[in-house]
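To start, the structure itself, in structure tokens.
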Amino acid sequence: MGMTQKEIAKQLGVSYMSVSRALNGSGYVSESLKMRILTYAKENGYEPHRASQVLVRNTTHRLALFSSSLPHYFWDEIEKGVQVAAQQLKAFNYETTYHRIPEQDTQAYLEVLETELKKGLDAIGLVYQRKYDMQAILARIEQANIPYVTFNVDNQTSNRRTFIGCDYRSGGRLAADFIAHTLQLSAKKEVLVLLCDEEGQLQGRGPDINKLRLDGFLSFMEENFPAITIHTEYFSTKLQVGYQDNQILELIKQYQDQVQAIYMISAFNTDFLHALECLPNHDFVTILHDLDNSAIRHLKTRLLSAVIDQSPTLQGSYTVMALERIVESKGKYAIADLKLEHNLVLSENRHLIEGLIAAKLMQ
């Protein structure tokens with residue numbers, strides 16, 4: 001148990017009411033006595049009881065988070081984390097909403113944002129995605145003087161208070177390390193790397209997480225395994241509901257007799273695994289990013305060798321908690337960026353990693 005207000009009053013020889021007024025910022029207390037109380041409380045590690053703070057302020061704080069909507073499996077996991085943290089904060093008069101905006105629809109984004117601003121917001125979390133005009137979105141948030149954080153995709157040049165997410169280059173390097181060591185006894189060592197060319201589908205500038213992954217992958221191979229041959233191929237399949245084509249399947253067929261491993265960088269898990277299912281036989285090492293139901297199923301069947309997971313549930317939860325900290329501190333304190341480590345998920349360790357993530361959510 002930490003120091004209480006009654007103990008502070010006793011130690012300073014002042015009334016409990018004076019201590020309560022000074023610490024809660026309510027009611028009159030002389031400036032000199034207030035500073036004496038606040039200084040003593042700080043020096044002795046006093047932390048206010050959250051429930052009593054809520055009763056004193058008698059207000060509701062509102063948080064809002066924004067992202068794109070696809071791929072569904074990834075943002076579903078983000079939302080799970082958001083809901084866990086939102087439920088924990090509900091008892092302290094916090095309301096949290098999470099909006100998934102249709103791809104490339106900046107106008108819809110701004111309209112939802114405007115609706116939330118009119119209701120009253122205390123802090124915002126957003127993903128800095130090139131699918132929208134993020135400059136216009138950030139300009140509106142800053143015009144409203146609302147503090148914001150970025151999660152999943154960062155923009156270090158913005159006025160965001162902190163970032164919650166992963167180092168995408170390290171994800172690419174982890175994929176390279178796994179493939180290189182898995183192929184170390186193979187007579188041939190050639191790898192097909194697949195990623196989507198999205199340039200024609202973008203509305204703004206920002207970090208290209210797939211390029212960062214590719215840079216990490218290629219740099220690791222060049223530094224440590226220069227004898228491994230890398231074939232990088234792009235496809236233009238759209239990440240869009242109902243859109244289907246055979247580009248990924250055709251690229252795999254083109255290289256199936258040449259390569260010993262395939263690395264899918266972009267978020268086309270379902271398409272990639274469906275393409276592998278269409279091949280009568282193959283003996284590739286296969287790896288992609290982020291767990292979904294198809295990936296989990298094919299880790300079991302061994303159609304998929306490994307998954308690099310960036311803990312989206314933790315990203316969602318930690319983002320909500322970062323927003324709460326900003327609100328409670330009234331923006332006075334800087335919050336360090338929170339970089340989450342990638343997990344290499346195999347069939348053998350999947351349940352262990354899921355258990356570790358669940359435990360962290362409950363901390």
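Just remember, in the structure tokens the first chain shown is A, the second B, etc., residues are 1-based per chain, and ligands are 1-based in the order shown.
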Excluding A:Phe151 and residues on its chain fewer than 3 positions from it, collect all residues at most 6 Å away from it, counting only C-alpha atoms, and give them as a ChimeraX atom specification. /A:127,163-165
Output the selection as a tab-separated table (two decimals), in the first residue's frame - N, CA and C atoms for each residue.
```tsv
chain	number	residue	atom	x	y	z
A	127	VAL	N	-3.30	5.07	-37.24
A	127	VAL	CA	-2.26	4.41	-38.03
A	127	VAL	C	-1.91	5.34	-39.19
A	163	PHE	N	4.73	6.39	-30.23
A	163	PHE	CA	4.41	5.37	-31.24
A	163	PHE	C	4.40	4.01	-30.58
A	164	ILE	N	3.40	3.20	-30.92
A	164	ILE	CA	3.30	1.83	-30.42
A	164	ILE	C	3.30	0.90	-31.63
A	165	GLY	N	4.34	0.10	-31.78
A	165	GLY	CA	4.40	-0.79	-32.94
A	165	GLY	C	5.74	-1.47	-33.05
```
All residues 8 Å or closer to A:Pro147, only C-alpha atoms, same chain fewer than 2 positions away omitted, as a PyMOL selection string: chain A and resi 122-124+141-142+145+149+160-161+326+331
What residues in stretch 130-250 of chain A get the DSSP label helix (DSSP H, G or I)? Please answer as an MDAnalysis selection string. chainID A and resid 134:143 168:182 199:201 209:224 247:250
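Residues in contact range of A:Ile78, defined as at most 10 Å between only C-alpha atoms, with sequence neighbours fewer than 2 positions away removed, read A:Ser67, A:His72, A:Tyr73, A:Phe74, A:Trp75, A:Asp76, A:Lys80, A:Gly81, A:Val82, A:Gln83, A:Tyr98, A:Asn152, A:Ser311, A:Pro312, A:Thr313, A:Leu314, A:Gln315, A:Gly316, A:Ser317, A:Thr319.
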Next, dump the selected residues to file, keeping only C-alpha atoms, as a PDB file, in the first residue's frame.
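Contents of part.pdb, as written:
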```pdb
ATOM      1  CA  SER A  67      -7.237   2.485 -38.944  1.00  0.00           C
ATOM      2  CA  HIS A  72      -9.798  -8.038 -41.626  1.00  0.00           C
ATOM      3  CA  TYR A  73      -7.814 -10.632 -39.699  1.00  0.00           C
ATOM      4  CA  PHE A  74      -5.157  -8.118 -38.645  1.00  0.00           C
ATOM      5  CA  TRP A  75      -7.479  -5.314 -37.518  1.00  0.00           C
ATOM      6  CA  ASP A  76      -9.699  -7.871 -35.759  1.00  0.00           C
ATOM      7  CA  LYS A  80      -9.397  -7.381 -29.430  1.00  0.00           C
ATOM      8  CA  GLY A  81      -6.583  -5.542 -27.690  1.00  0.00           C
ATOM      9  CA  VAL A  82      -8.486  -2.249 -27.816  1.00  0.00           C
ATOM     10  CA  GLN A  83     -11.505  -3.892 -26.189  1.00  0.00           C
ATOM     11  CA  TYR A  98     -12.360   2.163 -32.661  1.00  0.00           C
ATOM     12  CA  ASN A 152       1.313   0.095 -36.177  1.00  0.00           C
ATOM     13  CA  SER A 311       1.389  -8.878 -31.648  1.00  0.00           C
ATOM     14  CA  PRO A 312      -1.499  -6.740 -32.941  1.00  0.00           C
ATOM     15  CA  THR A 313      -3.566  -7.445 -29.816  1.00  0.00           C
ATOM     16  CA  LEU A 314      -0.822  -5.892 -27.701  1.00  0.00           C
ATOM     17  CA  GLN A 315      -0.576  -2.944 -30.076  1.00  0.00           C
ATOM     18  CA  GLY A 316      -4.279  -2.243 -29.645  1.00  0.00           C
ATOM     19  CA  SER A 317      -4.200  -2.576 -25.880  1.00  0.00           C
ATOM     20  CA  THR A 319      -2.255   2.216 -27.599  1.00  0.00           C
TER      21      THR A 319
END
```
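Among A:Glu43, A:Asp105, A:Glu7, A:Asp309, the residue with the shortest atom-to-atom distance to A:Gln129, counting only C-alpha atoms, is A:Asp105.
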List as number ranges by chain the protein and nucleic acid residues near stretch 247-256 of chain A, meaning an atom at most 9 Å away when only C-alpha atoms are counted, but skip any in the same chain fewer than 4 places from it. A: 192, 194, 233-237, 260, 262, 271-272, 274-276, 278-279, 282, 284
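Between atom CA of A:Leu89 and atom CA of A:Ile8 the interatomic distance comes to 27.6 Å.
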Set the distance at 12 Å and use only C-alpha atoms: which residues neighbour A:Ser266 once local chain neighbours fewer than 3 positions away are removed? I'd like the list as a ChimeraX atom specification. /A:70-71,168,172,193-198,208-214,233-239,248,263,269-272,287-290,308
Using only C-alpha atoms, the shortest atom-to-atom distance to A:Glu79 among A:Val320, A:Leu12, A:Ala267, A:Leu344 belongs to A:Val320
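Closest approach to A:Tyr94 among A:Arg325, A:Lys332, A:Arg140, A:Lys6 is made by A:Arg325 (distances from only C-alpha atoms).
Counting from atom CA of A:Thr301, the distance to atom CA of A:Ser347 is 8.8 Å.
Every protein or nucleic acid residue with an atom no more than 9 Å from A:Phe178, counting only C-alpha atoms and leaving out same-chain residues fewer than 4 positions away, appears here: Arg173, Leu174, Thr182, Leu183, Ile287, Ala306 and Leu344 of chain A.
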For the residues in that selection, give me all heavy atoms as an mmCIF file, in the first residue's frame.
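After the write, out_13.cif holds the following:
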```
data_model
loop_
_atom_site.group_PDB
_atom_site.id
_atom_site.type_symbol
_atom_site.label_atom_id
_atom_site.label_comp_id
_atom_site.auth_asym_id
_atom_site.auth_seq_id
_atom_site.Cartn_x
_atom_site.Cartn_y
_atom_site.Cartn_z
ATOM 1 N N ARG A 173 14.449 -9.013 -41.340
ATOM 2 C CA ARG A 173 15.693 -9.683 -40.968
ATOM 3 C C ARG A 173 15.411 -11.013 -40.269
ATOM 4 O O ARG A 173 16.128 -12.005 -40.469
ATOM 5 C CB ARG A 173 16.534 -8.764 -40.077
ATOM 6 C CG ARG A 173 17.052 -7.533 -40.799
ATOM 7 C CD ARG A 173 17.811 -6.596 -39.872
ATOM 8 N NE ARG A 173 19.082 -7.163 -39.451
ATOM 9 C CZ ARG A 173 20.218 -7.081 -40.156
ATOM 10 N NH1 ARG A 173 20.239 -6.462 -41.323
ATOM 11 N NH2 ARG A 173 21.334 -7.610 -39.696
ATOM 12 N N LEU A 174 14.355 -11.044 -39.477
ATOM 13 C CA LEU A 174 13.981 -12.300 -38.814
ATOM 14 C C LEU A 174 13.571 -13.350 -39.847
ATOM 15 O O LEU A 174 13.925 -14.532 -39.725
ATOM 16 C CB LEU A 174 12.846 -12.044 -37.835
ATOM 17 C CG LEU A 174 12.354 -13.243 -37.015
ATOM 18 C CD1 LEU A 174 13.486 -13.862 -36.210
ATOM 19 C CD2 LEU A 174 11.208 -12.817 -36.087
ATOM 20 N N THR A 182 17.191 -22.522 -42.205
ATOM 21 C CA THR A 182 16.416 -23.698 -42.609
ATOM 22 C C THR A 182 16.995 -24.312 -43.877
ATOM 23 O O THR A 182 16.925 -25.534 -44.075
ATOM 24 C CB THR A 182 14.938 -23.313 -42.836
ATOM 25 O OG1 THR A 182 14.429 -22.667 -41.676
ATOM 26 C CG2 THR A 182 14.094 -24.548 -43.125
ATOM 27 N N LEU A 183 17.603 -23.490 -44.734
ATOM 28 C CA LEU A 183 18.160 -23.973 -46.004
ATOM 29 C C LEU A 183 19.635 -24.340 -45.905
ATOM 30 O O LEU A 183 20.247 -24.676 -46.929
ATOM 31 C CB LEU A 183 17.996 -22.899 -47.094
ATOM 32 C CG LEU A 183 16.577 -22.533 -47.523
ATOM 33 C CD1 LEU A 183 16.626 -21.514 -48.662
ATOM 34 C CD2 LEU A 183 15.791 -23.763 -47.951
ATOM 35 N N ILE A 287 7.017 -18.698 -45.478
ATOM 36 C CA ILE A 287 6.894 -17.818 -44.329
ATOM 37 C C ILE A 287 6.149 -16.549 -44.729
ATOM 38 O O ILE A 287 6.296 -16.062 -45.864
ATOM 39 C CB ILE A 287 8.290 -17.481 -43.741
ATOM 40 C CG1 ILE A 287 8.172 -16.670 -42.454
ATOM 41 C CG2 ILE A 287 9.170 -16.787 -44.766
ATOM 42 C CD1 ILE A 287 9.487 -16.552 -41.681
ATOM 43 N N ALA A 306 6.400 -21.047 -41.121
ATOM 44 C CA ALA A 306 6.520 -20.119 -39.992
ATOM 45 C C ALA A 306 5.750 -18.840 -40.278
ATOM 46 O O ALA A 306 5.453 -18.509 -41.428
ATOM 47 C CB ALA A 306 7.984 -19.797 -39.714
ATOM 48 N N LEU A 344 8.585 -15.229 -33.811
ATOM 49 C CA LEU A 344 8.650 -16.237 -34.864
ATOM 50 C C LEU A 344 7.774 -17.403 -34.421
ATOM 51 O O LEU A 344 8.120 -18.118 -33.479
ATOM 52 C CB LEU A 344 10.081 -16.697 -35.104
ATOM 53 C CG LEU A 344 10.253 -17.713 -36.244
ATOM 54 C CD1 LEU A 344 9.932 -17.077 -37.589
ATOM 55 C CD2 LEU A 344 11.675 -18.262 -36.253
#
```
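Nearest to A:Gly13 of all the residues A:Glu324, A:Ser305, A:Ser30, A:Ile37 is A:Ile37, counting only C-alpha atoms.
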Give me, as a ChimeraX atom specification, all polymer residues having an atom no more than 8 Å from A:Ala295, counting only C-alpha atoms and skipping those fewer than 5 positions away in the same chain. /A:269,273,304,307
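Selecting strand (DSSP E) from the backbone DSSP output for stretch 47-139 of chain A yields His61, Arg62, Leu63, Ala64, Leu65, Phe66, Ser67, Ser68, Tyr94, Glu95, Thr96, Thr97, Tyr98, His99, Arg100, Ile101, Ala123, Ile124, Gly125 and Leu126 of chain A.
Across the model, the gap from atom CA of A:Ser294 to atom CA of A:Glu190 is 25.6 Å.
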